[in-house]
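K.L.:
Compact mmCIF, N, CA and C atoms, file protein-v3.txt:
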```txt
# COMPACT_ATOMS: atom_id res chain seq x y z
N VAL A 1 143.36 97.18 86.74
CA VAL A 1 142.15 97.03 87.54
C VAL A 1 141.48 95.72 87.11
N ASN A 2 141.20 94.88 88.10
CA ASN A 2 140.59 93.60 87.77
C ASN A 2 139.08 93.73 87.59
N GLY A 3 138.43 92.64 87.21
CA GLY A 3 137.00 92.64 86.91
C GLY A 3 136.13 92.97 88.11
N LEU A 4 136.50 92.48 89.30
CA LEU A 4 135.70 92.74 90.49
C LEU A 4 135.72 94.22 90.85
N THR A 5 136.89 94.84 90.78
CA THR A 5 137.01 96.27 91.08
C THR A 5 136.20 97.09 90.08
N THR A 6 136.28 96.73 88.81
CA THR A 6 135.51 97.44 87.79
C THR A 6 134.02 97.28 88.04
N SER A 7 133.60 96.09 88.40
CA SER A 7 132.19 95.84 88.68
C SER A 7 131.70 96.67 89.87
N LEU A 8 132.50 96.74 90.93
CA LEU A 8 132.13 97.53 92.10
C LEU A 8 132.08 99.02 91.78
N LEU A 9 133.02 99.50 90.99
CA LEU A 9 133.01 100.91 90.60
C LEU A 9 131.81 101.24 89.73
N ASN A 10 131.44 100.34 88.84
CA ASN A 10 130.25 100.55 88.02
C ASN A 10 128.99 100.58 88.88
N MET A 11 128.94 99.73 89.90
CA MET A 11 127.80 99.70 90.79
C MET A 11 127.68 101.02 91.57
N LEU A 12 128.81 101.57 91.99
CA LEU A 12 128.80 102.83 92.73
C LEU A 12 128.40 104.01 91.86
N ASN A 13 128.56 103.89 90.56
CA ASN A 13 128.16 104.96 89.64
C ASN A 13 126.71 104.84 89.19
N ASP A 14 126.01 103.84 89.67
CA ASP A 14 124.62 103.61 89.27
C ASP A 14 123.70 104.59 90.00
N THR A 15 123.04 105.46 89.25
CA THR A 15 122.17 106.48 89.83
C THR A 15 120.99 105.86 90.56
N ALA A 16 120.40 104.80 90.01
CA ALA A 16 119.27 104.15 90.67
C ALA A 16 119.69 103.57 92.01
N LEU A 17 120.87 103.01 92.09
CA LEU A 17 121.36 102.44 93.35
C LEU A 17 121.58 103.54 94.38
N MET A 18 122.13 104.66 93.96
CA MET A 18 122.34 105.77 94.89
C MET A 18 121.01 106.32 95.40
N PHE A 19 120.01 106.43 94.53
CA PHE A 19 118.68 106.87 94.93
C PHE A 19 118.09 105.88 95.94
N PHE A 20 118.25 104.60 95.68
CA PHE A 20 117.78 103.54 96.56
C PHE A 20 118.43 103.66 97.94
N VAL A 21 119.73 103.82 97.99
CA VAL A 21 120.46 103.85 99.26
C VAL A 21 120.17 105.11 100.06
N PHE A 22 120.21 106.27 99.41
CA PHE A 22 120.13 107.52 100.16
C PHE A 22 118.73 108.09 100.32
N PHE A 23 117.75 107.61 99.57
CA PHE A 23 116.40 108.14 99.70
C PHE A 23 115.38 107.06 100.04
N MET A 24 115.29 106.02 99.24
CA MET A 24 114.25 105.00 99.43
C MET A 24 114.48 104.18 100.70
N LEU A 25 115.69 103.77 100.93
CA LEU A 25 115.98 102.88 102.05
C LEU A 25 115.81 103.57 103.40
N VAL A 26 116.10 104.84 103.48
CA VAL A 26 116.03 105.56 104.75
C VAL A 26 114.74 106.35 104.93
N GLU A 27 113.81 106.22 104.01
CA GLU A 27 112.52 106.90 104.11
C GLU A 27 111.82 106.46 105.40
N PRO A 28 111.42 107.39 106.27
CA PRO A 28 110.82 107.02 107.56
C PRO A 28 109.56 106.16 107.45
N LYS A 29 108.79 106.33 106.39
CA LYS A 29 107.57 105.54 106.26
C LYS A 29 107.83 104.11 105.80
N THR A 30 108.99 103.86 105.22
CA THR A 30 109.29 102.52 104.71
C THR A 30 110.44 101.85 105.44
N SER A 31 110.85 102.38 106.56
CA SER A 31 111.90 101.73 107.36
C SER A 31 111.36 101.49 108.77
N PRO A 32 111.98 100.58 109.51
CA PRO A 32 111.50 100.29 110.87
C PRO A 32 111.52 101.53 111.75
N PHE A 33 110.59 101.57 112.69
CA PHE A 33 110.45 102.73 113.58
C PHE A 33 111.53 102.78 114.65
N SER A 34 111.88 101.63 115.20
CA SER A 34 112.82 101.61 116.33
C SER A 34 114.27 101.63 115.85
N ARG A 35 115.14 102.10 116.71
CA ARG A 35 116.58 102.12 116.40
C ARG A 35 117.10 100.70 116.21
N ARG A 36 116.68 99.81 117.10
CA ARG A 36 117.11 98.40 116.99
C ARG A 36 116.65 97.80 115.67
N GLY A 37 115.41 98.12 115.27
CA GLY A 37 114.89 97.61 114.01
C GLY A 37 115.69 98.11 112.82
N ARG A 38 116.08 99.38 112.85
CA ARG A 38 116.89 99.94 111.75
C ARG A 38 118.28 99.33 111.72
N MET A 39 118.82 98.99 112.90
CA MET A 39 120.15 98.37 112.96
C MET A 39 120.12 96.96 112.38
N ILE A 40 119.00 96.30 112.46
CA ILE A 40 118.84 94.96 111.87
C ILE A 40 118.49 95.09 110.39
N TYR A 41 117.63 96.05 110.07
CA TYR A 41 117.11 96.25 108.72
C TYR A 41 118.22 96.55 107.70
N GLY A 42 119.16 97.41 108.06
CA GLY A 42 120.24 97.79 107.14
C GLY A 42 121.04 96.61 106.62
N PRO A 43 121.64 95.82 107.52
CA PRO A 43 122.40 94.66 107.04
C PRO A 43 121.54 93.62 106.32
N VAL A 44 120.30 93.44 106.76
CA VAL A 44 119.42 92.47 106.10
C VAL A 44 119.16 92.89 104.65
N VAL A 45 118.88 94.17 104.43
CA VAL A 45 118.63 94.66 103.07
C VAL A 45 119.91 94.60 102.24
N ALA A 46 121.06 94.88 102.84
CA ALA A 46 122.33 94.80 102.11
C ALA A 46 122.60 93.37 101.64
N VAL A 47 122.39 92.40 102.52
CA VAL A 47 122.58 91.00 102.14
C VAL A 47 121.55 90.60 101.09
N LEU A 48 120.32 91.05 101.27
CA LEU A 48 119.26 90.76 100.31
C LEU A 48 119.61 91.31 98.93
N PHE A 49 120.15 92.53 98.88
CA PHE A 49 120.55 93.13 97.60
C PHE A 49 121.62 92.28 96.93
N PHE A 50 122.60 91.82 97.70
CA PHE A 50 123.67 90.99 97.15
C PHE A 50 123.12 89.66 96.65
N VAL A 51 122.28 89.01 97.46
CA VAL A 51 121.71 87.72 97.08
C VAL A 51 120.82 87.86 95.84
N MET A 52 120.02 88.93 95.81
CA MET A 52 119.16 89.16 94.64
C MET A 52 120.01 89.35 93.38
N GLY A 53 121.14 89.98 93.52
CA GLY A 53 122.02 90.18 92.38
C GLY A 53 122.63 88.88 91.88
N MET A 54 122.80 87.94 92.79
CA MET A 54 123.36 86.64 92.40
C MET A 54 122.29 85.68 91.90
N LEU A 55 121.12 85.69 92.56
CA LEU A 55 120.09 84.70 92.24
C LEU A 55 119.17 85.09 91.10
N LEU A 56 118.79 86.37 91.03
CA LEU A 56 117.82 86.77 90.00
C LEU A 56 118.25 86.42 88.58
N PRO A 57 119.48 86.71 88.21
CA PRO A 57 119.86 86.36 86.83
C PRO A 57 119.76 84.85 86.56
N MET A 58 120.12 84.03 87.54
CA MET A 58 120.06 82.59 87.35
C MET A 58 118.63 82.08 87.30
N LEU A 59 117.78 82.61 88.20
CA LEU A 59 116.40 82.14 88.26
C LEU A 59 115.57 82.60 87.06
N LEU A 60 115.84 83.79 86.58
CA LEU A 60 115.01 84.36 85.52
C LEU A 60 115.57 84.14 84.12
N ALA A 61 116.77 83.59 84.02
CA ALA A 61 117.39 83.42 82.71
C ALA A 61 116.56 82.50 81.82
N SER A 62 116.03 81.45 82.37
CA SER A 62 115.28 80.50 81.56
C SER A 62 113.88 81.00 81.21
N THR A 63 113.33 81.92 81.98
CA THR A 63 111.98 82.41 81.73
C THR A 63 111.94 83.59 80.77
N GLY A 64 113.03 84.30 80.66
CA GLY A 64 113.07 85.47 79.80
C GLY A 64 112.50 86.72 80.45
N LEU A 65 112.12 86.61 81.73
CA LEU A 65 111.59 87.77 82.45
C LEU A 65 112.72 88.69 82.89
N LEU A 66 112.42 89.96 82.97
CA LEU A 66 113.38 90.92 83.48
C LEU A 66 112.85 91.49 84.78
N LEU A 67 113.67 91.52 85.80
CA LEU A 67 113.30 92.08 87.09
C LEU A 67 114.47 92.87 87.62
N ASP A 68 114.23 94.10 87.99
CA ASP A 68 115.29 94.97 88.47
C ASP A 68 115.70 94.58 89.89
N GLN A 69 116.98 94.41 90.10
CA GLN A 69 117.51 94.02 91.41
C GLN A 69 117.17 95.04 92.48
N THR A 70 117.30 96.31 92.17
CA THR A 70 117.03 97.36 93.15
C THR A 70 115.55 97.41 93.50
N ALA A 71 114.69 97.34 92.50
CA ALA A 71 113.24 97.38 92.74
C ALA A 71 112.78 96.17 93.55
N ALA A 72 113.30 95.00 93.22
CA ALA A 72 112.92 93.79 93.95
C ALA A 72 113.40 93.87 95.39
N THR A 73 114.59 94.38 95.61
CA THR A 73 115.12 94.49 96.97
C THR A 73 114.32 95.46 97.80
N ILE A 74 113.95 96.62 97.25
CA ILE A 74 113.20 97.60 98.04
C ILE A 74 111.79 97.08 98.32
N ALA A 75 111.21 96.35 97.40
CA ALA A 75 109.88 95.78 97.64
C ALA A 75 109.92 94.77 98.78
N ILE A 76 110.87 93.87 98.76
CA ILE A 76 111.00 92.89 99.83
C ILE A 76 111.43 93.57 101.12
N GLY A 77 112.32 94.56 101.03
CA GLY A 77 112.73 95.31 102.21
C GLY A 77 111.57 96.03 102.87
N ASN A 78 110.65 96.57 102.08
CA ASN A 78 109.47 97.23 102.63
C ASN A 78 108.58 96.23 103.37
N ILE A 79 108.45 95.04 102.84
CA ILE A 79 107.67 94.00 103.51
C ILE A 79 108.33 93.62 104.83
N ILE A 80 109.65 93.49 104.82
CA ILE A 80 110.39 93.17 106.05
C ILE A 80 110.20 94.28 107.08
N ALA A 81 110.30 95.54 106.66
CA ALA A 81 110.12 96.67 107.57
C ALA A 81 108.70 96.69 108.15
N TRP A 82 107.72 96.41 107.32
CA TRP A 82 106.34 96.37 107.78
C TRP A 82 106.14 95.30 108.86
N ILE A 83 106.71 94.13 108.63
CA ILE A 83 106.64 93.03 109.61
C ILE A 83 107.37 93.43 110.89
N MET A 84 108.53 94.05 110.76
CA MET A 84 109.28 94.48 111.93
C MET A 84 108.50 95.52 112.72
N ASN A 85 107.82 96.43 112.03
CA ASN A 85 107.02 97.44 112.73
C ASN A 85 105.81 96.81 113.43
N LEU A 86 105.23 95.79 112.84
CA LEU A 86 104.13 95.09 113.50
C LEU A 86 104.58 94.39 114.78
N LYS A 87 105.77 93.81 114.71
CA LYS A 87 106.32 93.08 115.85
C LYS A 87 107.05 94.02 116.82
N MET A 88 107.20 95.29 116.44
CA MET A 88 107.88 96.31 117.24
C MET A 88 109.32 95.94 117.56
N ILE A 89 110.03 95.48 116.55
CA ILE A 89 111.46 95.15 116.72
C ILE A 89 112.25 96.42 116.59
```
Have the structure of the file written as structure tokens, please.
P.N.:
Amino acid sequence: VNGLTTSLLNMLNDTALMFFVFFMLVEPKTSPFSRRGRMIYGPVVAVLFFVMGMLLPMLLASTGLLLDQTAATIAIGNIIAWIMNLKMI
């Protein structure tokens, strides 16, 4: 098993990530109201999670700050959902 496969398997075993995906992300109060909005929101948050995983360690390495990838993604995702609900997407 190569490093990428091991990394993906470890990510799938992460309890916080599973809670994020199956409870926080689909919570009706924190996701877009319309079907179209949810169809856009899902891939946007998935890409955001990936990008945050790549960028956060590089950006925060020099500062010594720690920021959780899942928490940062859900916070930004909630802001995106709020904007989408205002615009009725």
K.L.:
Kindly give the distance, in Å, that separates CA of Ala72 (chain A) and CA of Asn2 (chain A), rounded to a single decimal.
P.N.:
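Computing it gives 28.4 Å between the two atoms.
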K.L.:
Show which residues sit within 8 Å of Thr70 (chain A), as an MDAnalysis selection string. Count only C-alpha atoms, and ignore same-chain residues fewer than 4 positions away.
P.N.:
chainID A and resid 16:17 20 49 74
K.L.:
As a PyMOL selection string, please: every residue in chain A that DSSP puts in helix (DSSP H, G or I).
P.N.:
chain A and resi 3-12+15-24+28-30+35-61+69-87
K.L.:
Considering all atoms listed in the file, return as a ChimeraX atom specification whatever protein or nucleic-acid residues lie within 8 Å of Leu48 (chain A), sequence-local ones (same chain, fewer than 6 positions apart) excluded.
P.N.:
/A:42,54,69,72-74,77
K.L.:
Record the distance separating atom C of Ala46 (chain A) and CA of Gly3 (chain A), expressed in Å with one decimal.
P.N.:
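Computed distance, atom C of Ala46 (chain A) to CA of Gly3 (chain A), equals 20.6 Å.
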K.L.:
Have a look at A:Asn13, A:Leu4, A:Phe33, A:Phe23 and name the one nearest to Asn85 (chain A); count only N, CA and C atoms.
P.N.:
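Counting only N, CA and C atoms, the residue closest to Asn85 (chain A) is A:Phe33.
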K.L.:
If I take atom C of Asp14 (chain A) and atom N of Phe50 (chain A), how far is one from the other in Å, to one decimal?
P.N.:
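Interatomic distance here is 15.0 Å.
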K.L.:
Show me, as an mmCIF file with N, CA and C atoms, in the frame of the given file, the residues that have an atom within 8 Å of Leu67 (chain A) when counting only N, CA and C atoms, minus same-chain residues fewer than 4 positions from it.
P.N.:
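That gives us selection12.cif:
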```
data_model
loop_
_atom_site.group_PDB
_atom_site.id
_atom_site.type_symbol
_atom_site.label_atom_id
_atom_site.label_comp_id
_atom_site.auth_asym_id
_atom_site.auth_seq_id
_atom_site.Cartn_x
_atom_site.Cartn_y
_atom_site.Cartn_z
ATOM 1 N N LEU A 56 118.790 86.370 91.030
ATOM 2 C CA LEU A 56 117.820 86.770 90.000
ATOM 3 C C LEU A 56 118.250 86.420 88.580
ATOM 4 N N PRO A 57 119.480 86.710 88.210
ATOM 5 C CA PRO A 57 119.860 86.360 86.830
ATOM 6 C C PRO A 57 119.760 84.850 86.560
ATOM 7 N N LEU A 60 115.840 83.790 86.580
ATOM 8 C CA LEU A 60 115.010 84.360 85.520
ATOM 9 C C LEU A 60 115.570 84.140 84.120
ATOM 10 N N ALA A 71 114.690 97.340 92.500
ATOM 11 C CA ALA A 71 113.240 97.380 92.740
ATOM 12 C C ALA A 71 112.780 96.170 93.550
ATOM 13 N N ALA A 72 113.300 95.000 93.220
ATOM 14 C CA ALA A 72 112.920 93.790 93.950
ATOM 15 C C ALA A 72 113.400 93.870 95.390
#
```
K.L.:
Using only C-alpha atoms, pick whichever of A:Thr15, A:Ser62, A:Ser34, A:Asn10 has the shortest atom-to-atom distance to Leu86 (chain A).
P.N.:
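Nearest to Leu86 (chain A): A:Ser34.
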K.L.:
Write out, as JSON lines, each residue of region 2-69 of chain A that has an atom at most 6.5 Å from region 78-81 of chain A, together with the closest pair of atoms and their distance in Å to one decimal, counting only N, CA and C atoms, rows going by chain and rising number.
P.N.:
```
{"residue": "A:Thr30", "atom": "C", "partner": "A:Asn78", "partner_atom": "CA", "distance": 5.5}
{"residue": "A:Ser31", "atom": "C", "partner": "A:Ala81", "partner_atom": "CA", "distance": 5.1}
{"residue": "A:Pro32", "atom": "N", "partner": "A:Ala81", "partner_atom": "CA", "distance": 4.7}
```
K.L.:
Show me that you can extract region 54-76 of chain A, keeping N, CA, C and O atoms, and write it as a short mmCIF file (atom, residue, chain, number, x, y, z; two decimals), in the first residue's frame.
P.N.:
```
data_model
loop_
_atom_site.label_atom_id
_atom_site.label_comp_id
_atom_site.auth_asym_id
_atom_site.auth_seq_id
_atom_site.Cartn_x
_atom_site.Cartn_y
_atom_site.Cartn_z
N MET A 54 -4.25 21.51 1.96
CA MET A 54 -2.98 21.77 1.28
C MET A 54 -2.37 23.10 1.72
O MET A 54 -1.17 23.20 1.91
N LEU A 55 -3.21 24.13 1.87
CA LEU A 55 -2.70 25.47 2.14
C LEU A 55 -2.45 25.77 3.61
O LEU A 55 -1.49 26.47 3.93
N LEU A 56 -3.34 25.30 4.49
CA LEU A 56 -3.19 25.65 5.91
C LEU A 56 -1.83 25.29 6.49
O LEU A 56 -1.22 26.12 7.15
N PRO A 57 -1.35 24.08 6.26
CA PRO A 57 -0.04 23.76 6.83
C PRO A 57 1.08 24.68 6.32
O PRO A 57 1.94 25.09 7.09
N MET A 58 1.03 25.05 5.05
CA MET A 58 2.06 25.92 4.49
C MET A 58 1.94 27.34 5.03
O MET A 58 2.93 27.98 5.36
N LEU A 59 0.70 27.85 5.11
CA LEU A 59 0.50 29.23 5.55
C LEU A 59 0.78 29.40 7.05
O LEU A 59 1.26 30.45 7.47
N LEU A 60 0.45 28.41 7.83
CA LEU A 60 0.56 28.54 9.28
C LEU A 60 1.87 28.00 9.85
O LEU A 60 2.13 28.16 11.03
N ALA A 61 2.67 27.36 9.02
CA ALA A 61 3.91 26.75 9.52
C ALA A 61 4.84 27.80 10.12
O ALA A 61 5.45 27.58 11.17
N SER A 62 4.95 28.93 9.48
CA SER A 62 5.88 29.95 9.97
C SER A 62 5.35 30.70 11.20
O SER A 62 6.12 31.26 11.95
N THR A 63 4.04 30.72 11.40
CA THR A 63 3.47 31.45 12.53
C THR A 63 3.38 30.62 13.79
O THR A 63 3.29 31.16 14.88
N GLY A 64 3.36 29.31 13.66
CA GLY A 64 3.24 28.44 14.82
C GLY A 64 1.80 28.27 15.28
O GLY A 64 1.54 27.62 16.28
N LEU A 65 0.85 28.84 14.54
CA LEU A 65 -0.56 28.70 14.89
C LEU A 65 -1.08 27.33 14.45
O LEU A 65 -0.62 26.78 13.46
N LEU A 66 -2.05 26.84 15.18
CA LEU A 66 -2.69 25.59 14.81
C LEU A 66 -4.15 25.89 14.47
O LEU A 66 -4.83 26.57 15.22
N LEU A 67 -4.61 25.40 13.34
CA LEU A 67 -5.99 25.58 12.93
C LEU A 67 -6.48 24.27 12.34
O LEU A 67 -5.83 23.70 11.45
N ASP A 68 -7.60 23.80 12.82
CA ASP A 68 -8.14 22.53 12.37
C ASP A 68 -8.75 22.68 10.97
O ASP A 68 -9.57 23.57 10.75
N GLN A 69 -8.38 21.81 10.07
CA GLN A 69 -8.87 21.84 8.69
C GLN A 69 -10.38 21.69 8.64
O GLN A 69 -11.06 22.42 7.93
N THR A 70 -10.92 20.77 9.41
CA THR A 70 -12.36 20.53 9.40
C THR A 70 -13.12 21.73 9.96
O THR A 70 -14.12 22.17 9.37
N ALA A 71 -12.66 22.28 11.06
CA ALA A 71 -13.33 23.43 11.67
C ALA A 71 -13.27 24.65 10.75
O ALA A 71 -14.26 25.37 10.60
N ALA A 72 -12.14 24.88 10.13
CA ALA A 72 -12.00 26.02 9.22
C ALA A 72 -12.91 25.84 8.01
O ALA A 72 -13.56 26.80 7.55
N THR A 73 -13.00 24.64 7.49
CA THR A 73 -13.84 24.38 6.32
C THR A 73 -15.31 24.58 6.65
O THR A 73 -16.05 25.19 5.87
N ILE A 74 -15.78 24.09 7.80
CA ILE A 74 -17.20 24.23 8.13
C ILE A 74 -17.52 25.69 8.41
O ILE A 74 -18.61 26.16 8.07
N ALA A 75 -16.61 26.43 8.99
CA ALA A 75 -16.85 27.86 9.24
C ALA A 75 -16.99 28.61 7.93
O ALA A 75 -17.94 29.39 7.75
N ILE A 76 -16.10 28.39 7.00
CA ILE A 76 -16.18 29.05 5.70
C ILE A 76 -17.38 28.53 4.92
O ILE A 76 -18.08 29.30 4.25
#
```
